[in-house]
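All remarks here apply to the structure that follows.
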Amino acid sequence: MNEGNGGSPLELDAATLANMVAGNEVDPIDVTREAFRLARDHRLGPEGLNAVLWSDQRDSVNEARALHSRLAEGLGRRADDGEPELLLAGVPYLAKDNIATLTLKTTCGSKILADYVSPYEATVVQRLRAAGAVLVGKTNMDEFAMGSSTEHSAWRPTLNPVDQSRVPGGSSGGSAAAVAAGMVRIALGSETGGSVRQPAAFCGIVGVKPTYGRVSRYGLVAFASSLDQVGVFGRTVNDAAVALEAIAGHDPLDSTSAIGQPVPHYREAAREALGGVVIGRPKEYFPDSLDARVRERCDRALEHLEGAGAVVREVSLPHTELAIPVYYIVAPAEASSNLARFDGVRYGLRADPGRGTRGMYEATRSLGFGPEVTRRILLGTYVLSAGYYDAYYKRAQEVRSLIADDFAKVFNSGVHLLFTPTTPTPAFTFGAKKDPYEMYMSDIFTATANLAGVPAMSVPIGDVDGLPVGGQLIAPHFAERDMFRAAYALERALSAAAEVGR
């Protein structure tokens, strides 16, 4: 196998690897085997990161063989621009364990679905296969995506590859850790309140939450349907851009999928300067309580964006402080409804204590759900119950509209993008946040974008004592390309500054 640079092909960015596979310079079967070996090394067990839950080398290699046959039939590079006809030809990837696949289990990190294999697969999985990408495994996660640290997995916590005493973030911690550890260049995660961006920040990689409706949710196991989205991780901005480009677009199988929104070529944003771009710095995201070192990294990143031609303006999103209370009413309410289907009757775990149907329900759900999922189901059921719906759920939806209006007003005032910290602190140690409310506050800067449905991404902006810090870019609805434009510029500026500092 000719690896082009004498090293592992997995060190190449996704677009370069796809070009080399399309040009018959790299064998996709060999790439898949190498990625599978790395994934296997970090499966559940005492020695690895516990990032990968399920994998099957035979299925992965068969996918690579099918791709090899497609390439042999002439699906190489296009004649007009030299780009691969298959955007991600031969690129290995991992998918979060709540994204349905046909051959690997989809357990959502929960005992209640311990042996569940889906009879259908997610649209995003189909689109990645159509683009030539090869699935090499499913990644660990907080149970049913309820958590900010991947400590709530029913299997084992995932370790942060930067510092294994620290959490990788959550709930998509397995995907983030796998990309940061170099197992793959891209991975799929899901977001309900920051579950792609927060682990991306903790692990020092790029994480993107698209506009609600930009990417199909078909085949994503539901947590909170008005908030859930599939997102992407990449080692670089370009990795994330090409991955999002491959999976975005309308899907008739998803009733919330946006119609009439063409998918731009996000990678082309790399060539565009930031002259004339106005970036807002929301004062509510830089409170006095913010870790001073995180603030300094963010201020330096804003200076780099100004150096690239952007204009930075202070703005206000006054309802930001209400985001966590609103999120933890709306999301548990929807979860209590969505998770009612896991009752031991149709699929998944069934515990039968011999006490009739009600007893079976109680035993199955008590045994199958962990404490965090149980806590949120109970909270959601309470806020939807008679006498409390108007006081809690209805009121939360009204405040949610105010949060969305905050974004709309700022973006309508001539601001093109917002820049904020992704998280209040770098990654914390395992067990450091035993108080659920303290854990929930990890999402204080990310949950707003989910509530408003706007796109957002986290990019690495430096480190604090060797721990990565993420900066967050937020854009108006369906303006992901502008977001990538700034992310590319920031990535280049930080890279150049690092070279000068050496």
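Within each chain, counting starts at residue 1; across the structure tokens, chains are named A, B, ... in the order shown, with ligands numbered 1 upward in that order.
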**OP:** Identify, on the basis of only C-alpha atoms, every residue whose closest approach to range 104-121 of chain A does not exceed 8 Å; exclude the query and any residue fewer than 5 positions from it along the same chain; express the result as a PyMOL selection string.
**Re:** chain A and resi 54-56+97-99+126+137-138+140-145+153-155+219+221+342+347-349+364-365+367-370
**OP:** Find the spatial neighbours of Glu11 in chain A, counting only C-alpha atoms, within a cut-off of 12 Å - ignore same-chain residues fewer than 4 positions away - and output them as a ChimeraX atom specification.
**Re:** /A:3-7,15-17,31,34-35,91-92,179-186,235-236,239
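Distance check against Asp41 in chain A using only C-alpha atoms: of A:Ala178, A:Cys298, A:Ala130, A:Leu290, the minimum falls on A:Ala178.
CA of Thr211 in chain A is found 5.7 Å from CA of His477 in chain A.
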With only C-alpha atoms counted and 12 Å as the cut-off, give the residues of range 423-490 of chain A in contact with range 409-414 of chain A, each with its shortest interatomic distance in Å and the pair that gives it, as a tab-separated table.
```
residue	atom	partner	partner_atom	distance
A:Val454	CA	A:Phe411	CA	11.0
A:Ile474	CA	A:Phe411	CA	10.2
A:Ala475	CA	A:Phe411	CA	8.1
A:Pro476	CA	A:Phe411	CA	6.6
A:His477	CA	A:Phe411	CA	9.8
A:Ala479	CA	A:Phe411	CA	11.0
```
**OP:** Can you work out which one of A:Arg43, A:His304, A:Arg37, A:Lys433 has the shortest atom-to-atom distance to Thr158 in chain A, counting only C-alpha atoms?
**Re:** A:Arg43
Original post:
Which residues, written as a PyMOL selection string, have at least one atom at most 12 Å from Gly354 in chain A, with only C-alpha atoms counted and residues fewer than 6 positions away on the same chain left out?
Top reply: chain A and resi 360-364
Output N, CA and C atoms for every residue in that selection, as a PDB file, in the first residue's frame.
```pdb
ATOM      1  N   MET A 360     -44.343  -6.123  35.553  1.00  0.00           N
ATOM      2  CA  MET A 360     -43.308  -6.298  34.533  1.00  0.00           C
ATOM      3  C   MET A 360     -42.773  -4.950  34.083  1.00  0.00           C
ATOM      4  N   TYR A 361     -43.675  -3.984  33.870  1.00  0.00           N
ATOM      5  CA  TYR A 361     -43.246  -2.627  33.500  1.00  0.00           C
ATOM      6  C   TYR A 361     -42.288  -2.073  34.554  1.00  0.00           C
ATOM      7  N   GLU A 362     -42.717  -2.123  35.807  1.00  0.00           N
ATOM      8  CA  GLU A 362     -41.918  -1.531  36.884  1.00  0.00           C
ATOM      9  C   GLU A 362     -40.552  -2.209  37.002  1.00  0.00           C
ATOM     10  N   ALA A 363     -40.541  -3.523  36.934  1.00  0.00           N
ATOM     11  CA  ALA A 363     -39.283  -4.250  37.093  1.00  0.00           C
ATOM     12  C   ALA A 363     -38.350  -4.000  35.912  1.00  0.00           C
ATOM     13  N   THR A 364     -38.913  -3.986  34.711  1.00  0.00           N
ATOM     14  CA  THR A 364     -38.090  -3.778  33.514  1.00  0.00           C
ATOM     15  C   THR A 364     -37.452  -2.401  33.522  1.00  0.00           C
TER      16      THR A 364
END
```
Subject >> Which of range 306-462 of chain A DSSP labels strand (DSSP E), written as an MDAnalysis selection string >> reply: chainID A and resid 311:315 417:421 456:462
Could you please take those selected residues and save C-alpha atoms as a PDB file, in the first residue's frame?
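Dumped to selection11.pdb:
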```pdb
ATOM      1  CA  VAL A 311     -14.990  43.223  13.306  1.00  0.00           C
ATOM      2  CA  VAL A 312     -15.749  42.248  16.917  1.00  0.00           C
ATOM      3  CA  ARG A 313     -18.701  43.885  18.660  1.00  0.00           C
ATOM      4  CA  GLU A 314     -20.058  43.356  22.158  1.00  0.00           C
ATOM      5  CA  VAL A 315     -23.675  42.193  22.145  1.00  0.00           C
ATOM      6  CA  LEU A 417     -21.632  35.302  13.917  1.00  0.00           C
ATOM      7  CA  LEU A 418     -21.198  35.000  17.666  1.00  0.00           C
ATOM      8  CA  PHE A 419     -18.096  33.833  19.505  1.00  0.00           C
ATOM      9  CA  THR A 420     -18.194  32.443  23.058  1.00  0.00           C
ATOM     10  CA  PRO A 421     -16.442  29.899  25.269  1.00  0.00           C
ATOM     11  CA  ALA A 456     -22.932  26.133  16.420  1.00  0.00           C
ATOM     12  CA  MET A 457     -19.496  24.578  16.525  1.00  0.00           C
ATOM     13  CA  SER A 458     -16.565  24.223  18.897  1.00  0.00           C
ATOM     14  CA  VAL A 459     -12.992  24.669  17.696  1.00  0.00           C
ATOM     15  CA  PRO A 460      -9.785  24.208  19.727  1.00  0.00           C
ATOM     16  CA  ILE A 461      -8.330  27.571  20.800  1.00  0.00           C
ATOM     17  CA  GLY A 462      -5.470  26.524  23.064  1.00  0.00           C
TER      18      GLY A 462
END
```
List as a PDB file with C-alpha atoms, in the first residue's frame the protein and nucleic acid residues near Thr446 in chain A, meaning an atom at most 8 Å away when only C-alpha atoms are counted, but skip any in the same chain fewer than 6 places from it.
```
ATOM      1  CA  GLY A 193     -27.986  20.401  24.779  1.00  0.00           C
ATOM      2  CA  GLY A 194     -24.326  20.452  23.761  1.00  0.00           C
ATOM      3  CA  ARG A 197     -19.586  20.685  21.192  1.00  0.00           C
ATOM      4  CA  GLN A 198     -18.811  20.113  24.876  1.00  0.00           C
ATOM      5  CA  THR A 422     -17.743  26.394  24.627  1.00  0.00           C
ATOM      6  CA  THR A 423     -17.485  25.387  28.290  1.00  0.00           C
TER       7      THR A 423
END
```
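Excluding Gln57 in chain A and any residue on its chain fewer than 3 positions from it, the residues at most 7 Å away by only C-alpha atoms are A:Phe36, A:Ser60, A:Val61.
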**OP:** Write out as a list of chain:residue names each polymer residue whose atoms come within 10 Å of Ala487 in chain A, counting only C-alpha atoms; drop sequence neighbours fewer than 3 positions from it.
**Re:**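 Non-adjacent residues within range: A:Val206, A:Thr236, A:Val237, A:Asn238, A:Ala269, A:Ala270, A:Leu305, A:Met457, A:Ser458, A:Val459, A:Pro460, A:Gly471, A:Gln472, A:Leu473, A:Arg481, A:Asp482, A:Met483, A:Phe484, A:Leu490, A:Glu491, A:Arg492, A:Ala493.
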Keeping only C-alpha atoms, write the selected residues as a CSV table (one decimal), in the first residue's frame.
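Printed below is selection.csv as written:
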```
chain,number,residue,atom,x,y,z
A,206,VAL,CA,-13.8,20.2,16.2
A,236,THR,CA,-9.7,19.6,11.9
A,237,VAL,CA,-12.2,22.1,10.6
A,238,ASN,CA,-11.9,20.6,7.1
A,269,ALA,CA,-15.3,28.6,2.8
A,270,ALA,CA,-11.6,27.9,3.5
A,305,LEU,CA,-10.3,36.8,14.2
A,457,MET,CA,-19.5,24.6,16.5
A,458,SER,CA,-16.6,24.2,18.9
A,459,VAL,CA,-13.0,24.7,17.7
A,460,PRO,CA,-9.8,24.2,19.7
A,471,GLY,CA,-14.2,28.4,21.5
A,472,GLN,CA,-17.7,28.4,20.1
A,473,LEU,CA,-19.0,29.9,16.9
A,481,ARG,CA,-21.0,28.1,5.7
A,482,ASP,CA,-20.3,31.4,7.4
A,483,MET,CA,-19.5,29.5,10.6
A,484,PHE,CA,-16.9,27.4,8.8
A,490,LEU,CA,-9.2,30.9,13.3
A,491,GLU,CA,-7.6,27.5,12.8
A,492,ARG,CA,-5.1,29.0,10.4
A,493,ALA,CA,-4.3,31.9,12.7
```
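The spacing separating CA of Glu63 in chain A from CA of Leu88 in chain A amounts to 13.1 Å.
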Subject >> Nearest-residue call for Ser225 in chain A, choices A:Leu135, A:Glu334, A:Pro468, A:Gly276, using only C-alpha atoms >> reply: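 Using only C-alpha atoms, the shortest distance to Ser225 in chain A belongs to A:Glu334.
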Original post:
Which one is closest to Pro318 in chain A: A:Asp443, A:Glu284, A:Glu296, A:Asp435? Count only C-alpha atoms.
Top reply: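 Result for the nearest residue to Pro318 in chain A: A:Glu284.
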Subject >> Contact residues around range 160-169 of chain A with only C-alpha atoms at 10 Å, ignoring same-chain residues under 5 positions, as a ChimeraX atom specification >> reply: /A:48-51,141-142,147-151,174-182,194-204,426-432,442,466-468
Next, the residues of the selection above should be written as a short mmCIF file (atom, residue, chain, number, x, y, z; two decimals), in the first residue's frame with N, CA and C atoms.
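Once everything was written out, this is selection-v3.cif:
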```cif
data_model
loop_
_atom_site.label_atom_id
_atom_site.label_comp_id
_atom_site.auth_asym_id
_atom_site.auth_seq_id
_atom_site.Cartn_x
_atom_site.Cartn_y
_atom_site.Cartn_z
N GLY A 48 -7.93 0.02 27.49
CA GLY A 48 -8.21 1.06 26.50
C GLY A 48 -8.96 2.25 27.08
N LEU A 49 -9.43 3.10 26.18
CA LEU A 49 -10.17 4.29 26.57
C LEU A 49 -11.65 4.02 26.78
N ASN A 50 -12.12 2.81 26.45
CA ASN A 50 -13.54 2.48 26.51
C ASN A 50 -14.36 3.40 25.59
N ALA A 51 -13.75 3.76 24.47
CA ALA A 51 -14.42 4.66 23.53
C ALA A 51 -15.35 3.92 22.59
N MET A 141 -21.32 6.25 25.19
CA MET A 141 -22.11 7.46 25.41
C MET A 141 -22.77 7.41 26.77
N ASP A 142 -23.16 8.57 27.29
CA ASP A 142 -24.04 8.61 28.44
C ASP A 142 -25.37 7.96 28.06
N GLY A 147 -26.32 13.15 29.82
CA GLY A 147 -25.13 13.35 30.63
C GLY A 147 -24.14 14.25 29.94
N SER A 148 -23.16 14.71 30.71
CA SER A 148 -22.15 15.64 30.18
C SER A 148 -20.74 15.12 30.40
N SER A 149 -20.58 13.82 30.64
CA SER A 149 -19.26 13.31 30.99
C SER A 149 -18.99 11.88 30.52
N THR A 150 -19.99 11.19 29.99
CA THR A 150 -19.93 9.76 29.64
C THR A 150 -19.64 8.90 30.87
N GLU A 151 -19.89 9.46 32.04
CA GLU A 151 -19.83 8.65 33.27
C GLU A 151 -21.12 7.86 33.46
N GLY A 174 -17.57 9.05 23.70
CA GLY A 174 -16.84 8.00 22.99
C GLY A 174 -16.38 8.46 21.61
N SER A 175 -17.26 9.13 20.89
CA SER A 175 -16.90 9.63 19.56
C SER A 175 -15.79 10.67 19.64
N ALA A 176 -15.91 11.59 20.59
CA ALA A 176 -14.90 12.63 20.73
C ALA A 176 -13.55 12.04 21.11
N ALA A 177 -13.54 11.11 22.05
CA ALA A 177 -12.28 10.49 22.48
C ALA A 177 -11.63 9.72 21.34
N ALA A 178 -12.45 9.04 20.54
CA ALA A 178 -11.91 8.25 19.43
C ALA A 178 -11.23 9.13 18.39
N VAL A 179 -11.84 10.26 18.06
CA VAL A 179 -11.24 11.18 17.09
C VAL A 179 -9.98 11.80 17.68
N ALA A 180 -10.04 12.23 18.93
CA ALA A 180 -8.87 12.85 19.57
C ALA A 180 -7.71 11.89 19.70
N ALA A 181 -8.01 10.59 19.87
CA ALA A 181 -6.96 9.58 20.02
C ALA A 181 -6.38 9.13 18.69
N GLY A 182 -6.95 9.59 17.57
CA GLY A 182 -6.42 9.24 16.26
C GLY A 182 -6.95 7.94 15.68
N GLY A 194 -25.76 20.15 23.85
CA GLY A 194 -24.33 20.45 23.76
C GLY A 194 -23.46 19.22 23.69
N SER A 195 -24.06 18.07 23.41
CA SER A 195 -23.36 16.79 23.52
C SER A 195 -22.37 16.48 22.42
N VAL A 196 -22.21 17.37 21.44
CA VAL A 196 -21.11 17.28 20.49
C VAL A 196 -20.07 18.35 20.80
N ARG A 197 -20.53 19.58 20.99
CA ARG A 197 -19.59 20.68 21.19
C ARG A 197 -18.82 20.58 22.51
N GLN A 198 -19.50 20.19 23.58
CA GLN A 198 -18.81 20.11 24.88
C GLN A 198 -17.71 19.05 24.89
N PRO A 199 -17.96 17.80 24.45
CA PRO A 199 -16.86 16.84 24.40
C PRO A 199 -15.78 17.21 23.39
N ALA A 200 -16.16 17.88 22.30
CA ALA A 200 -15.14 18.36 21.36
C ALA A 200 -14.19 19.32 22.06
N ALA A 201 -14.74 20.22 22.88
CA ALA A 201 -13.90 21.17 23.61
C ALA A 201 -13.01 20.45 24.62
N PHE A 202 -13.56 19.48 25.34
CA PHE A 202 -12.79 18.77 26.35
C PHE A 202 -11.67 17.92 25.75
N CYS A 203 -11.87 17.46 24.51
CA CYS A 203 -10.89 16.57 23.88
C CYS A 203 -9.99 17.28 22.87
N GLY A 204 -10.23 18.56 22.62
CA GLY A 204 -9.36 19.32 21.75
C GLY A 204 -9.55 19.06 20.27
N PRO A 426 -12.02 23.78 31.53
CA PRO A 426 -11.55 22.59 30.82
C PRO A 426 -12.15 21.33 31.44
N ALA A 427 -11.80 20.18 30.89
CA ALA A 427 -12.35 18.90 31.36
C ALA A 427 -12.08 18.69 32.85
N PHE A 428 -13.09 18.20 33.56
CA PHE A 428 -12.96 17.97 34.99
C PHE A 428 -12.64 16.50 35.26
N THR A 429 -12.23 16.20 36.47
CA THR A 429 -11.85 14.83 36.82
C THR A 429 -13.10 13.98 37.06
N PHE A 430 -12.93 12.67 36.94
CA PHE A 430 -14.03 11.74 37.19
C PHE A 430 -14.52 11.90 38.62
N GLY A 431 -15.85 11.96 38.77
CA GLY A 431 -16.45 12.07 40.08
C GLY A 431 -16.46 13.46 40.67
N ALA A 432 -15.94 14.45 39.92
CA ALA A 432 -15.84 15.81 40.47
C ALA A 432 -17.19 16.50 40.57
N SER A 442 -22.48 22.42 33.13
CA SER A 442 -21.44 22.25 32.11
C SER A 442 -21.95 22.67 30.74
N GLY A 466 -2.24 22.13 29.83
CA GLY A 466 -2.26 20.93 29.01
C GLY A 466 -3.63 20.39 28.69
N LEU A 467 -4.68 21.02 29.20
CA LEU A 467 -6.05 20.58 28.93
C LEU A 467 -6.66 21.49 27.87
N PRO A 468 -7.29 20.90 26.83
CA PRO A 468 -7.83 21.71 25.72
C PRO A 468 -8.92 22.67 26.16
#
```
Original post:
CA of Ala340 in chain A and CA of Thr381 in chain A are how many Å apart?
Top reply: 10.3 Å
